[in-house]
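Here the structure comes first, spelled out in C-alpha cells, and everything after it is commentary.
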Amino acid sequence: MSDTRFLTNAQLPFCKGCGHALVAQNTEKALQKLNLNPLDVVLVTDIGCHGIVDKNFLAHTVHGLHGRSSALAAGIAAGLNNPNKKVIVFTGDGGATIGMQHLIGGAHLGFDMTVVVHNNMLYGMTGGQPSEFTPCGFKTPTMPEGSTKVGYDICELMVAAGASYVERVIGIGDYSDSLEKAFAAKGFSLVEVMEICTSYGVKSNPGMKLSKLVDAAGWNVKVFADGNGTQFKTPVNKETQSLISAKLEIQPKYTSKIKNPVSIMLSGSAGEGVQSAAEYLAKAAMLSGLNSTKKGSYPVTVGVGFSASEVIISPNPILYTGSPVPDLLIITSVDGLNYARNSTGKMKKGILYIDDSLEAPQTGAKVVRVPFRERVGARNSAMYAVFYAIHHEKLFPIDAIKDLFLSGKMADKVNIDTLMQF
Amino acid sequence: MQENNRNKAFTDGSRLITEALVRAGADTYIGYPITPANLLYLYATKRFPTMLAAPDEITALQWMSGFAAAGHVPVTATSFPGYALMVESIGMAAMMELPMVVVLIQRLGPATGTATCGAQGDLNVVFGTMSGGYSIPTFSISNYLDCWNLAAKAVHTAVMLRTPVVLLTSKDMVMTLQSFDWSVLPSIQPMQVKRYEGNETYFPYKTDDSLIPDFLPVSQNKHQVRITASTHDTKGILQNILTEAIENTKRLEYKLRKHIDSYTEYEFDEQDGADTLIVSYDISSQASREAIKQLRESRIKVSLLIAKTLLPIPSIYIDIANRYPRVVVVEENLMGQLRYLLFGVAGRKGVSGVNGIAKMISPTEIVEEAMRHV
Ligand SMILES: Cc1ncc(C[n+]2csc(CCOP(=O)(O)OP(=O)(O)O)c2C)c(N)n1
Ligand code: SF4
C-alpha cells in the first residue's frame with residue numbers, strides 16, 4: 001500500500017457526520033492499496049452534495065450534470081481505452097434515479113469504470129425529497145408520513161444488466177477493501193454505499209439505525225457479482241476507406257437531345273421498386289451527359305403504402321431540386337394514384353402515364369394508359385414504366401438505362417426483354 | 001454533352017458531410033437513429049475510426065463529452081427530437097469547453113411532426129440552446145460544396161475555439177441524390193486542439209489574449225486536469241459567484257465574438273443599382289439562387305445574401321441589409337426565424353418574408369415576392 005495522497009488536506013465539504021466523507025476517505029485508501037498514480041485516475045462526480053468533493057481530490061476531476069455522470073464517465077473510459085487508467089463515478093441515489101439508463105447501459109456494455117452510489121435514500125442537496133431508492137417507511141422532510149413504496153435494489157438491477165462486480169456495503173468505518181475489489185475489477189463495477197443524511201434523514205427518522213433499516217428494506221449487504229464480467233473495447237479503425245471514390249462516378253457515354261429541364265414524378269407502391277427505378281432513371285440520364293437529381297417520398301414505415309420519387313434531368317446545372325408540378329408523371333398503382341392526386345390536378349400540360357387498371361384522374365396533362373402491371377407484374381411495374389417513358393418521350397437513348405440495368409443487381413432476376421416491350 | 005462532368009457521381013449530401021468531417025479531424029461518431037440523419041449514421045459506420053451506437057441522445061452527448069475530455073473530436077447527427085434531449089448536455093460541453101460537432105438535420109415539426117418531410121424550423125431552437133443567451137457557433141449548408149466546406153469548417157471551429165458547434169441542414173440536402181462533380185472539392189487539413197506544453201502548474205481555464213484556454217486531455221498524467229460545467233475559476237474549481245468565476249463565464253461568449261471573423265462564412269452576390277436584397281440560408285438557398293437568375297433574366301435588379309454562419313449573427317449581415325430598402329428573407333418555416341433574428345419582433349420597413357412549411361419554397365414564390373413592389 002502506497003502513501004500517495006489522493007485527497008488534499010482541506011476539510012471535506014459535508015455536514016458533520018455525513019457518510020459522504022467516509023466514501024472519499026475509503027476511496028483514497030482503496031486507491032493507495034492499488035498503488036495507483038493520482039493522475040491515472042479520473043473522478044467523475046454527479047450533481048448533489050456528494051459531487052462537490054471533486055476539489056478535494058488530486059486525481060483528474062470532471063463534474064458534469066445531475067444524473068449524467070455515469071454516461072460521461074463511460075465516454076471517458078471508452079475514449080481513454082486504456083486498462084491502466086481508472087475511471088470512478090461518484091453519484092447519489094438521486095443521480096442514480098434520474099440517470100438509471102446510464103447505469104443499466106454502462107453495466108450492459110461493460111465500460112471499464114466503477115460507480116460508487118452514495119445512497120442516503122433521499123435528495124440531500126435539494127432539501128431531503130424522496131428518490132426511487134427511498135425504502136418503505138422511511139421519512140423525509142417532504143414525505144413526513146414515510147414512503148409507501150419499496151426502494152430500488154440497484155445491486156440486483158446491475159447484476160441483471162450484466163455488471164462485472166457489484167457489492168452493497170454499510171457506509172460506516174473502513175470499507176476500502178470493497179472499493180479496492182471494485183476498482184480492480186475488469187469492466188463495469190458498482191458499489192452501493194448505504195448512508196444516512198445527518199441533516200434530513202436523521203431528523204425525519206429519529207432513533208433509526210442504518211443496518212436495521214437496510215435489513216428491513218430487504219437489501220442484502222454482500223457481493224452480488226465477483227468481477228468476472230465483460231470489458232468494453234472501443235473499436236478503432238484508422239484505415240477506413242474514403243467515401244469519395246472513382247467507383248461511384250458515372251462517365252457519360254451517350255447524348256441527350258433535351259434542351260430544358262424535365263421533371264419526372266414516379267408514384268407507386270412500396271415494395272414495387274419505385275425508388276430503384278427512379279435511381280436508374282437519374283443515373284441513366286447522367287450516362288447520357290445530363291445532370292440529375294432524385295428525391296424520394298414515402299411514409300415513415302417504408303414497407304407499406306405509397307412510394308414516390310421526383311427526378312429532374314437537365315442539360316444545365318440544377319439548383320432547385322423541388323418540382324412543384326411535374327412535366328411527366330408516371331403512376332403505377334392505386335397508392336401511387338392517391339399520393340399523386342395533388343400533382344395531377346396542378347398539371348396544365350405535360351404527360352401522365354398511368355397503369356391501365358386505374359381510373360385516370362382530372363388533369364390537364366395528356367393521358368397515356370399502359371398495362372404496366374399486367375405485362376410485367378406489380379414488382380417490376382415501376383421499372384418497366386420508366387423504360388417505357390424514356391423510350392416514348394425520347395429523353396435519352398434507351399441503351400443508357402439498358403446498360404445500367406444489365407450491369408446492375410436486378411439483371412439476374414428480370415429478363416431485360418420484358419422491360420423492352422414498347 | 002456537358003463539359004466538366006468527368007468526375008460526376010450520383011450522391012447525397014450526407015456522404016460529403018461525413019467524409020469532410022473525418023478529413024477535418026473528427027475521429028469519433030456517436031449515433032442514435034433518427035430520420036433524416038440515418039444516412040450520416042450509416043456512412044459513419046463505414047468511415048469514422050470509432051463509431052458507437054448510443055442508447056439515447058442524452059447519452060450520446062455525454063459520451064461525446066467524455067471522448068472529447070480524453071482528447072478526441074466527436075460528432076453526432078440528429079434532428080429536433082434528439083436535439084431537444086441534448087440541450088442540457090450541449091450547454092455542459094460548452095461550459096467545459098469541449099470540441100464537438102452536432103449535425104442538426106431539420107424535419108417538419110413541432111414535436112415528432114413528419115419525419116420524412118424537410119423544414120427550416122430549428123434556427124431559433126439552436127439560438128436558445130444555452131441558458132444565459134450564450135452562443136453556439138452554427139453553420140448552415142446551402143449546397144453540396146457547403147456540405148464539404150462547412151462540415152470541415154465546423155470541425156475546425158469546434159477545435160480552434162474549444163466549443164460545441166452546430167452544423168444546421170435539412171432533409172432535402174442530406175437525402176436527395178444529385179449528380180455532382182466532386183473534383184471541385186478542395187482538400188481539407190485535419191486540425192488538432194492546441195495543447196498546454198508548459199511545465200508549471202496547469203490552469204485548465206486560464207487564457208491569454210486569445211481567450212481560448214490551452215487543452216490537456218485526462219489521458220495524460222503530467223498535469224492535473226479539472227473539467228466542470230458548474231460556474232468555476234481558472235483552476236476548474238466550482239465557485240459560486242466569485243468575480244474570477246463570473247469573468248470566466250463571460251469569456252465563453254467573448255471568445256466566440258473575438259474570433260467571429262475567422263468563422264464568418266457567407267455568399268454575397270451583389271448587383272449594382274439593386275433595391276432588393278434576397279436573404280436566404282440552408283435548403284432555400286438553391287431556390288433563391290434560381291430566383292435571382294430568373295429575375296435578372298427579366299432585367300430586374302436584385303442582390304442575394306446567403307447566410308452560412310448563422311450564429312452568432314455576423315454584424316456584416318445587418319450592414320448589408322441596411323443598404324437595401326427592400327429585403328426579402330426566404331426560409332422554410334411559418335414565421336421567419338432568421339428574419340426574426342435579423343430584424344426582431346418590431347421588424348423593419350421594407351422587410352418581408354417568403355415562408356412556408358411542408359414543401360420546398362419554389363423560385364416562383366421568391367420571384368413573385370421580389371416583384372411585388374417593382
Ligand atoms: C436536471 C436536473 N434536475 C434537477 C436538479 C436539481 N438537483 C440538484 S442535486 C439534486 C439531488 C441530489 O440528490 P442525490 O443525487 O441523492 O445526492 P445528495 O445530494 O443526496 O448527495 C437535484 C434533484 C439538477 N441539478 N438538474
Ligand atoms: S445535506 Fe445530507 S447529504 Fe448533504 S452534506 Fe449534509 S448530511 Fe450529507
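So you can find residues: chains in the C-alpha cells are A, B, ... in the order shown, residues in each start at 1, and ligands are numbered from 1 in order.
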
At most 8 Å from ligand 1 (only C-alpha atoms and all ligand atoms): residue list as number ranges by chain
A: 20, 46-51, 65-67, 91-97, 118-126, 128, 131, 197; B: 88

Taking only C-alpha atoms into account, find every residue of chain A that has an atom no more than 7 Å from chain B, and write it out as a short mmCIF file (atom, residue, chain, number, x, y, z; two decimals) with all heavy atoms, in the first residue's frame.
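result-v1.cif written:
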data_model
loop_
_atom_site.label_atom_id
_atom_site.label_comp_id
_atom_site.auth_asym_id
_atom_site.auth_seq_id
_atom_site.Cartn_x
_atom_site.Cartn_y
_atom_site.Cartn_z
N LEU A 39 -2.84 10.72 -11.13
CA LEU A 39 -3.15 11.24 -12.46
C LEU A 39 -3.41 10.13 -13.48
O LEU A 39 -3.56 10.38 -14.66
CB LEU A 39 -2.05 12.20 -12.93
CG LEU A 39 -1.94 13.46 -12.06
CD1 LEU A 39 -0.93 14.43 -12.64
CD2 LEU A 39 -3.29 14.17 -11.88
N ASP A 40 -3.50 8.90 -12.98
CA ASP A 40 -4.04 7.82 -13.82
C ASP A 40 -5.48 7.50 -13.41
O ASP A 40 -6.07 6.51 -13.85
CB ASP A 40 -3.18 6.55 -13.71
CG ASP A 40 -1.87 6.72 -14.46
OD1 ASP A 40 -1.88 7.42 -15.50
OD2 ASP A 40 -0.83 6.20 -14.00
N LYS A 55 -13.11 19.01 -5.68
CA LYS A 55 -11.99 19.94 -5.40
C LYS A 55 -11.02 19.38 -4.36
O LYS A 55 -9.88 19.82 -4.27
CB LYS A 55 -12.52 21.31 -4.97
CG LYS A 55 -13.28 21.31 -3.66
CD LYS A 55 -13.55 22.77 -3.24
CE LYS A 55 -14.45 22.85 -2.04
NZ LYS A 55 -15.86 22.48 -2.34
N ALA A 59 -6.73 13.64 -8.14
CA ALA A 59 -6.84 12.96 -9.44
C ALA A 59 -7.38 13.97 -10.45
O ALA A 59 -7.70 15.11 -10.10
CB ALA A 59 -7.79 11.78 -9.31
N HIS A 60 -7.49 13.57 -11.74
CA HIS A 60 -8.25 14.39 -12.68
C HIS A 60 -9.70 14.39 -12.21
O HIS A 60 -10.20 13.35 -11.77
CB HIS A 60 -8.21 13.80 -14.09
CG HIS A 60 -6.83 13.74 -14.69
ND1 HIS A 60 -5.99 14.83 -14.74
CD2 HIS A 60 -6.17 12.72 -15.28
CE1 HIS A 60 -4.85 14.47 -15.34
NE2 HIS A 60 -4.93 13.19 -15.66
N THR A 61 -10.37 15.52 -12.30
CA THR A 61 -11.77 15.56 -11.87
C THR A 61 -12.65 16.14 -12.97
O THR A 61 -12.25 17.08 -13.67
CB THR A 61 -11.95 16.40 -10.59
OG1 THR A 61 -11.51 17.74 -10.85
CG2 THR A 61 -11.15 15.82 -9.42
N VAL A 62 -13.81 15.56 -13.11
CA VAL A 62 -14.78 16.03 -14.11
C VAL A 62 -16.13 16.11 -13.43
O VAL A 62 -16.59 15.13 -12.83
CB VAL A 62 -14.84 15.06 -15.32
CG1 VAL A 62 -15.80 15.59 -16.38
CG2 VAL A 62 -13.45 14.83 -15.92
N HIS A 63 -16.75 17.28 -13.52
CA HIS A 63 -18.01 17.50 -12.80
C HIS A 63 -19.05 18.00 -13.80
O HIS A 63 -18.92 19.10 -14.34
CB HIS A 63 -17.74 18.55 -11.70
CG HIS A 63 -18.91 18.85 -10.83
ND1 HIS A 63 -19.50 17.91 -10.01
CD2 HIS A 63 -19.60 20.00 -10.64
CE1 HIS A 63 -20.50 18.48 -9.34
NE2 HIS A 63 -20.58 19.74 -9.71
N GLY A 64 -20.04 17.17 -14.06
CA GLY A 64 -20.98 17.50 -15.14
C GLY A 64 -22.38 17.82 -14.69
O GLY A 64 -22.61 18.77 -13.96
N ALA A 71 -22.79 8.31 -17.68
CA ALA A 71 -22.66 8.33 -19.15
C ALA A 71 -21.40 9.11 -19.55
O ALA A 71 -20.67 8.71 -20.46
CB ALA A 71 -23.89 8.96 -19.78
N LEU A 72 -21.15 10.20 -18.86
CA LEU A 72 -19.95 10.99 -19.14
C LEU A 72 -18.70 10.15 -18.88
O LEU A 72 -17.77 10.12 -19.68
CB LEU A 72 -19.97 12.24 -18.25
CG LEU A 72 -18.81 13.22 -18.33
CD1 LEU A 72 -18.60 13.72 -19.76
CD2 LEU A 72 -19.06 14.42 -17.39
N ALA A 73 -18.73 9.43 -17.76
CA ALA A 73 -17.58 8.58 -17.41
C ALA A 73 -17.41 7.45 -18.42
O ALA A 73 -16.28 7.07 -18.75
CB ALA A 73 -17.78 8.00 -16.00
N ALA A 74 -18.52 6.92 -18.92
CA ALA A 74 -18.45 5.86 -19.93
C ALA A 74 -17.73 6.40 -21.17
O ALA A 74 -16.89 5.71 -21.76
CB ALA A 74 -19.85 5.37 -20.30
N GLY A 75 -18.06 7.64 -21.55
CA GLY A 75 -17.38 8.26 -22.70
C GLY A 75 -15.89 8.44 -22.43
O GLY A 75 -15.06 8.20 -23.31
N ILE A 76 -15.57 8.83 -21.21
CA ILE A 76 -14.15 9.00 -20.86
C ILE A 76 -13.44 7.65 -20.92
O ILE A 76 -12.37 7.51 -21.53
CB ILE A 76 -14.00 9.65 -19.47
CG1 ILE A 76 -14.51 11.09 -19.51
CG2 ILE A 76 -12.54 9.60 -19.00
CD1 ILE A 76 -14.57 11.78 -18.15
N GLY A 79 -13.12 6.59 -24.41
CA GLY A 79 -12.17 7.47 -25.10
C GLY A 79 -10.72 7.19 -24.68
O GLY A 79 -9.81 7.26 -25.49
N LEU A 80 -10.52 6.88 -23.40
CA LEU A 80 -9.17 6.53 -22.93
C LEU A 80 -8.75 5.18 -23.50
O LEU A 80 -7.62 5.01 -23.95
CB LEU A 80 -9.14 6.46 -21.40
CG LEU A 80 -9.28 7.77 -20.64
CD1 LEU A 80 -9.45 7.50 -19.14
CD2 LEU A 80 -8.07 8.67 -20.88
N PRO A 235 -13.92 0.19 -30.45
CA PRO A 235 -13.45 -0.13 -31.80
C PRO A 235 -12.68 1.05 -32.38
O PRO A 235 -13.14 2.19 -32.30
CB PRO A 235 -14.74 -0.38 -32.58
CG PRO A 235 -15.80 0.37 -31.82
CD PRO A 235 -15.36 0.40 -30.39
N VAL A 236 -11.49 0.80 -32.88
CA VAL A 236 -10.71 1.87 -33.51
C VAL A 236 -10.17 1.34 -34.83
O VAL A 236 -9.48 0.33 -34.86
CB VAL A 236 -9.52 2.32 -32.63
CG1 VAL A 236 -8.78 3.48 -33.29
CG2 VAL A 236 -9.97 2.72 -31.24
N ASN A 237 -10.53 2.00 -35.92
CA ASN A 237 -10.03 1.62 -37.23
C ASN A 237 -9.58 2.87 -37.96
O ASN A 237 -10.40 3.66 -38.44
CB ASN A 237 -11.13 0.89 -38.02
CG ASN A 237 -10.67 0.55 -39.42
OD1 ASN A 237 -9.50 0.73 -39.76
ND2 ASN A 237 -11.59 0.06 -40.24
N LYS A 238 -8.27 3.07 -38.03
CA LYS A 238 -7.76 4.30 -38.64
C LYS A 238 -7.62 4.15 -40.16
O LYS A 238 -7.21 5.08 -40.84
CB LYS A 238 -6.41 4.65 -38.02
CG LYS A 238 -6.56 4.95 -36.52
CD LYS A 238 -5.63 6.07 -36.06
CE LYS A 238 -6.04 6.62 -34.70
NZ LYS A 238 -5.19 6.18 -33.60
N THR A 240 -10.03 3.37 -42.48
CA THR A 240 -11.30 3.29 -43.22
C THR A 240 -11.13 3.90 -44.61
O THR A 240 -10.29 4.78 -44.81
CB THR A 240 -12.42 4.03 -42.47
OG1 THR A 240 -12.02 5.38 -42.30
CG2 THR A 240 -12.71 3.38 -41.13
N GLN A 241 -11.96 3.45 -45.53
CA GLN A 241 -11.88 3.90 -46.93
C GLN A 241 -12.63 5.22 -47.11
O GLN A 241 -13.70 5.41 -46.55
CB GLN A 241 -12.57 2.87 -47.83
CG GLN A 241 -11.93 1.50 -47.81
CD GLN A 241 -10.72 1.42 -48.71
OE1 GLN A 241 -10.81 1.77 -49.88
NE2 GLN A 241 -9.59 1.00 -48.17
N SER A 242 -12.08 6.07 -47.97
CA SER A 242 -12.76 7.32 -48.31
C SER A 242 -14.13 7.02 -48.92
O SER A 242 -14.30 6.04 -49.63
CB SER A 242 -11.92 8.11 -49.32
OG SER A 242 -12.67 9.21 -49.79
N LEU A 243 -15.08 7.90 -48.62
CA LEU A 243 -16.42 7.75 -49.20
C LEU A 243 -16.48 8.33 -50.61
O LEU A 243 -17.47 8.19 -51.32
CB LEU A 243 -17.45 8.43 -48.31
CG LEU A 243 -17.61 7.87 -46.89
CD1 LEU A 243 -18.46 8.81 -46.04
CD2 LEU A 243 -18.25 6.49 -46.94
N LEU A 248 -17.77 5.35 -57.86
CA LEU A 248 -19.14 5.89 -57.83
C LEU A 248 -19.41 6.86 -58.98
O LEU A 248 -20.51 7.36 -59.13
CB LEU A 248 -19.38 6.60 -56.49
CG LEU A 248 -19.31 5.69 -55.27
CD1 LEU A 248 -19.22 6.52 -54.00
CD2 LEU A 248 -20.55 4.81 -55.22
N GLU A 249 -18.38 7.15 -59.76
CA GLU A 249 -18.57 8.14 -60.82
C GLU A 249 -19.22 7.50 -62.05
O GLU A 249 -19.04 6.32 -62.32
CB GLU A 249 -17.21 8.76 -61.19
CG GLU A 249 -16.71 9.64 -60.05
CD GLU A 249 -15.25 10.03 -60.19
OE1 GLU A 249 -14.66 9.79 -61.26
OE2 GLU A 249 -14.71 10.57 -59.21
N ILE A 250 -19.95 8.32 -62.76
CA ILE A 250 -20.63 7.85 -63.96
C ILE A 250 -20.11 8.64 -65.16
O ILE A 250 -20.28 9.86 -65.23
CB ILE A 250 -22.16 8.02 -63.82
CG1 ILE A 250 -22.67 7.14 -62.67
CG2 ILE A 250 -22.87 7.66 -65.13
CD1 ILE A 250 -24.12 7.34 -62.32
N GLN A 251 -19.43 7.97 -66.05
CA GLN A 251 -18.86 8.65 -67.23
C GLN A 251 -19.89 8.66 -68.36
O GLN A 251 -20.38 7.61 -68.74
CB GLN A 251 -17.61 7.91 -67.73
CG GLN A 251 -16.62 7.50 -66.66
CD GLN A 251 -15.92 8.69 -66.03
OE1 GLN A 251 -15.98 9.81 -66.56
NE2 GLN A 251 -15.27 8.48 -64.91
N THR A 255 -25.63 10.64 -75.57
CA THR A 255 -26.02 12.06 -75.54
C THR A 255 -27.53 12.16 -75.56
O THR A 255 -28.22 11.26 -76.04
CB THR A 255 -25.46 12.84 -76.75
OG1 THR A 255 -25.79 12.11 -77.93
CG2 THR A 255 -23.97 13.04 -76.66
N GLY A 289 -25.03 12.22 -70.31
CA GLY A 289 -24.46 13.56 -70.25
C GLY A 289 -25.32 14.60 -69.57
O GLY A 289 -25.01 15.80 -69.60
N ASN A 291 -27.45 16.32 -66.18
CA ASN A 291 -27.45 16.41 -64.72
C ASN A 291 -28.74 15.80 -64.21
O ASN A 291 -29.76 15.83 -64.93
CB ASN A 291 -27.39 17.88 -64.28
CG ASN A 291 -26.09 18.51 -64.67
OD1 ASN A 291 -25.04 18.18 -64.14
ND2 ASN A 291 -26.14 19.43 -65.64
N SER A 292 -28.72 15.31 -62.98
CA SER A 292 -29.98 14.77 -62.47
C SER A 292 -30.04 14.85 -60.96
O SER A 292 -29.02 14.96 -60.27
CB SER A 292 -30.15 13.32 -62.93
OG SER A 292 -29.12 12.52 -62.40
N THR A 293 -31.26 14.84 -60.46
CA THR A 293 -31.49 14.78 -59.01
C THR A 293 -32.62 13.79 -58.76
O THR A 293 -33.46 13.58 -59.63
CB THR A 293 -31.93 16.13 -58.41
OG1 THR A 293 -33.27 16.41 -58.83
CG2 THR A 293 -31.04 17.28 -58.86
N LYS A 294 -32.60 13.20 -57.59
CA LYS A 294 -33.67 12.26 -57.22
C LYS A 294 -34.03 12.44 -55.76
O LYS A 294 -33.17 12.38 -54.89
CB LYS A 294 -33.23 10.82 -57.44
CG LYS A 294 -34.29 9.84 -57.00
CD LYS A 294 -33.70 8.50 -56.58
CE LYS A 294 -34.73 7.64 -55.90
NZ LYS A 294 -34.75 7.73 -54.45
N LYS A 295 -35.31 12.68 -55.55
CA LYS A 295 -35.77 12.89 -54.19
C LYS A 295 -36.89 11.91 -53.90
O LYS A 295 -37.86 11.84 -54.66
CB LYS A 295 -36.27 14.34 -54.11
CG LYS A 295 -36.93 14.73 -52.84
CD LYS A 295 -37.26 16.21 -52.91
CE LYS A 295 -38.54 16.46 -52.15
NZ LYS A 295 -38.72 17.79 -51.71
N VAL A 300 -43.44 7.05 -43.11
CA VAL A 300 -42.32 6.75 -42.21
C VAL A 300 -41.98 5.27 -42.21
O VAL A 300 -40.83 4.88 -42.15
CB VAL A 300 -42.62 7.24 -40.78
CG1 VAL A 300 -41.39 7.11 -39.91
CG2 VAL A 300 -43.09 8.67 -40.82
N LEU A 319 -30.22 23.78 -59.74
CA LEU A 319 -30.06 24.41 -58.42
C LEU A 319 -31.18 23.91 -57.51
O LEU A 319 -30.96 23.20 -56.56
CB LEU A 319 -30.11 25.93 -58.54
CG LEU A 319 -28.96 26.57 -59.33
CD1 LEU A 319 -29.16 28.06 -59.46
CD2 LEU A 319 -27.62 26.29 -58.64
N TYR A 320 -32.38 24.30 -57.85
CA TYR A 320 -33.54 23.95 -57.04
C TYR A 320 -33.96 22.51 -57.33
O TYR A 320 -34.23 22.18 -58.49
CB TYR A 320 -34.65 24.96 -57.37
CG TYR A 320 -35.98 24.67 -56.77
CD1 TYR A 320 -36.14 24.63 -55.39
CD2 TYR A 320 -37.10 24.49 -57.57
CE1 TYR A 320 -37.38 24.39 -54.84
CE2 TYR A 320 -38.35 24.25 -57.02
CZ TYR A 320 -38.49 24.20 -55.66
OH TYR A 320 -39.72 23.97 -55.11
N GLY A 322 -36.58 20.89 -56.00
CA GLY A 322 -38.01 20.62 -55.87
C GLY A 322 -38.64 20.62 -57.26
O GLY A 322 -38.06 21.12 -58.22
#

I need the residues in segment 183-333 of chain B that are alpha helix (DSSP H) according to DSSP; give them as a ChimeraX atom specification.
/B:243-258,284-297,315-322

If you count only C-alpha atoms, which residues fall within 8 Å of Ile17 of chain B, apart from same-chain ones fewer than 5 positions away, as a list in words?
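The neighbour list is Leu40, Cys147, Trp148 and Ala151 of chain B.
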
Would you put the residues from that selection into a file with C-alpha atoms, as a tab-separated table (two decimals), in the first residue's frame?
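out.tsv written:
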chain	number	residue	atom	x	y	z
B	40	LEU	CA	-24.94	10.04	-41.79
B	147	CYS	CA	-21.67	20.09	-47.30
B	148	TRP	CA	-17.94	19.72	-47.75
B	151	ALA	CA	-18.52	20.37	-42.36

Pro206 of chain A surroundings by only C-alpha atoms, 12 Å radius, close-in-sequence under 6 positions cut, as a VMD selection string
chain A and resid 138 to 140 144 196 to 200

Give me a file of those residues, with N, CA, C and O atoms, as a PDB file, in the first residue's frame.
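Done, and the output landed in selection.pdb:
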ATOM      1  N   PHE A 138     -39.535   4.925   5.262  1.00  0.00           N
ATOM      2  CA  PHE A 138     -38.524   5.959   5.502  1.00  0.00           C
ATOM      3  C   PHE A 138     -39.151   7.336   5.291  1.00  0.00           C
ATOM      4  O   PHE A 138     -39.858   7.584   4.323  1.00  0.00           O
ATOM      5  N   LYS A 139     -38.900   8.223   6.267  1.00  0.00           N
ATOM      6  CA  LYS A 139     -39.499   9.561   6.208  1.00  0.00           C
ATOM      7  C   LYS A 139     -38.478  10.582   5.725  1.00  0.00           C
ATOM      8  O   LYS A 139     -37.290  10.452   5.992  1.00  0.00           O
ATOM      9  N   THR A 140     -38.974  11.559   5.016  1.00  0.00           N
ATOM     10  CA  THR A 140     -38.119  12.678   4.611  1.00  0.00           C
ATOM     11  C   THR A 140     -38.896  13.964   4.897  1.00  0.00           C
ATOM     12  O   THR A 140     -40.114  13.905   5.109  1.00  0.00           O
ATOM     13  N   PRO A 144     -43.333  13.335   5.299  1.00  0.00           N
ATOM     14  CA  PRO A 144     -43.246  13.027   6.735  1.00  0.00           C
ATOM     15  C   PRO A 144     -44.013  11.772   7.121  1.00  0.00           C
ATOM     16  O   PRO A 144     -43.730  11.164   8.147  1.00  0.00           O
ATOM     17  N   ILE A 196     -26.628   7.567   5.848  1.00  0.00           N
ATOM     18  CA  ILE A 196     -27.700   8.396   6.402  1.00  0.00           C
ATOM     19  C   ILE A 196     -27.298   9.852   6.212  1.00  0.00           C
ATOM     20  O   ILE A 196     -26.147  10.225   6.428  1.00  0.00           O
ATOM     21  N   CYS A 197     -28.251  10.660   5.762  1.00  0.00           N
ATOM     22  CA  CYS A 197     -28.013  12.101   5.660  1.00  0.00           C
ATOM     23  C   CYS A 197     -28.300  12.686   7.035  1.00  0.00           C
ATOM     24  O   CYS A 197     -29.431  12.635   7.517  1.00  0.00           O
ATOM     25  N   THR A 198     -27.239  13.203   7.671  1.00  0.00           N
ATOM     26  CA  THR A 198     -27.434  13.688   9.045  1.00  0.00           C
ATOM     27  C   THR A 198     -28.391  14.871   9.100  1.00  0.00           C
ATOM     28  O   THR A 198     -29.116  15.043  10.068  1.00  0.00           O
ATOM     29  N   SER A 199     -28.415  15.675   8.054  1.00  0.00           N
ATOM     30  CA  SER A 199     -29.279  16.855   8.106  1.00  0.00           C
ATOM     31  C   SER A 199     -30.756  16.531   7.911  1.00  0.00           C
ATOM     32  O   SER A 199     -31.615  17.096   8.563  1.00  0.00           O
ATOM     33  N   TYR A 200     -31.079  15.637   6.983  1.00  0.00           N
ATOM     34  CA  TYR A 200     -32.504  15.384   6.695  1.00  0.00           C
ATOM     35  C   TYR A 200     -32.978  13.998   7.118  1.00  0.00           C
ATOM     36  O   TYR A 200     -34.095  13.842   7.605  1.00  0.00           O
TER      37      TYR A 200
END

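If you measure from each of A:Glu310, A:Asn220, A:Leu43, A:Thr321 to Glu279 of chain A using only C-alpha atoms, the closest one turns out to be A:Glu310.
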
Could you write out, as a PyMOL selection string, all the residues of segment 142-236 of chain B that DSSP marks as strand (DSSP E)?
chain B and resi 164-170+177-181+226-228

Rounded to one decimal, what separation in Å do you get between atom CA of Thr169 of chain B and atom CA of Glu331 of chain B?
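Value for the atom CA of Thr169 of chain B-atom CA of Glu331 of chain B distance: 12.2 Å.
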
Tell me which of B:Ile316, B:Ala245, B:Ala307, B:Leu123 sits closest to Gln337 of chain B, counting only C-alpha atoms.
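Of B:Ile316, B:Ala245, B:Ala307, B:Leu123, the one nearest Gln337 of chain B is B:Leu123, counting only C-alpha atoms.
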
For segment 153-160 of chain A: contacts at 7 Å, only C-alpha atoms, fewer than 5 positions along chain excluded, given as a PyMOL selection string:
chain A and resi 104+107+166-168+219+224-225

Residues at most 12 Å from Lys181 of chain A, counting only C-alpha atoms, excluding those fewer than 4 positions away in the same chain, as a PyMOL selection string?
chain A and resi 27+30-31+33-34+114+164-167+175-177+185-186+188-191+223+225-228

I'd like the contact shell of segment 102-113 of chain B - 6 Å cut-off, only C-alpha atoms, skipping same-chain residues fewer than 2 positions apart - returned as a ChimeraX atom specification.
/B:75-79,115,117-120,166-170

Please save C-alpha atoms of the selected residues as a PDB file, in the first residue's frame.
ATOM      1  CA  VAL B  75     -19.573  14.136 -33.878  1.00  0.00           C
ATOM      2  CA  THR B  76     -23.240  13.182 -33.854  1.00  0.00           C
ATOM      3  CA  ALA B  77     -26.136  13.835 -36.200  1.00  0.00           C
ATOM      4  CA  THR B  78     -29.719  14.232 -35.125  1.00  0.00           C
ATOM      5  CA  SER B  79     -32.996  16.021 -35.751  1.00  0.00           C
ATOM      6  CA  ALA B 115     -40.039  12.652 -40.049  1.00  0.00           C
ATOM      7  CA  CYS B 117     -40.525  15.997 -44.667  1.00  0.00           C
ATOM      8  CA  GLY B 118     -37.868  18.705 -44.679  1.00  0.00           C
ATOM      9  CA  ALA B 119     -38.058  22.045 -42.857  1.00  0.00           C
ATOM     10  CA  GLN B 120     -36.066  25.008 -41.613  1.00  0.00           C
ATOM     11  CA  VAL B 166     -23.911  23.037 -34.737  1.00  0.00           C
ATOM     12  CA  LEU B 167     -23.997  22.222 -38.426  1.00  0.00           C
ATOM     13  CA  LEU B 168     -27.544  23.003 -39.489  1.00  0.00           C
ATOM     14  CA  THR B 169     -29.025  21.402 -42.559  1.00  0.00           C
ATOM     15  CA  SER B 170     -32.248  19.759 -43.628  1.00  0.00           C
TER      16      SER B 170
END

Which is closest to Lys86 of chain A among A:Ala184, A:Val53, A:Ala385, A:Leu109, if we use only C-alpha atoms?
A:Ala184

Which residue of A:Ile351, A:Val202, A:Met265, A:Leu395 approaches ligand 2 most closely, using only C-alpha atoms and all ligand atoms
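Of A:Ile351, A:Val202, A:Met265, A:Leu395, the one nearest ligand 2 is A:Val202, counting only C-alpha atoms and all ligand atoms.
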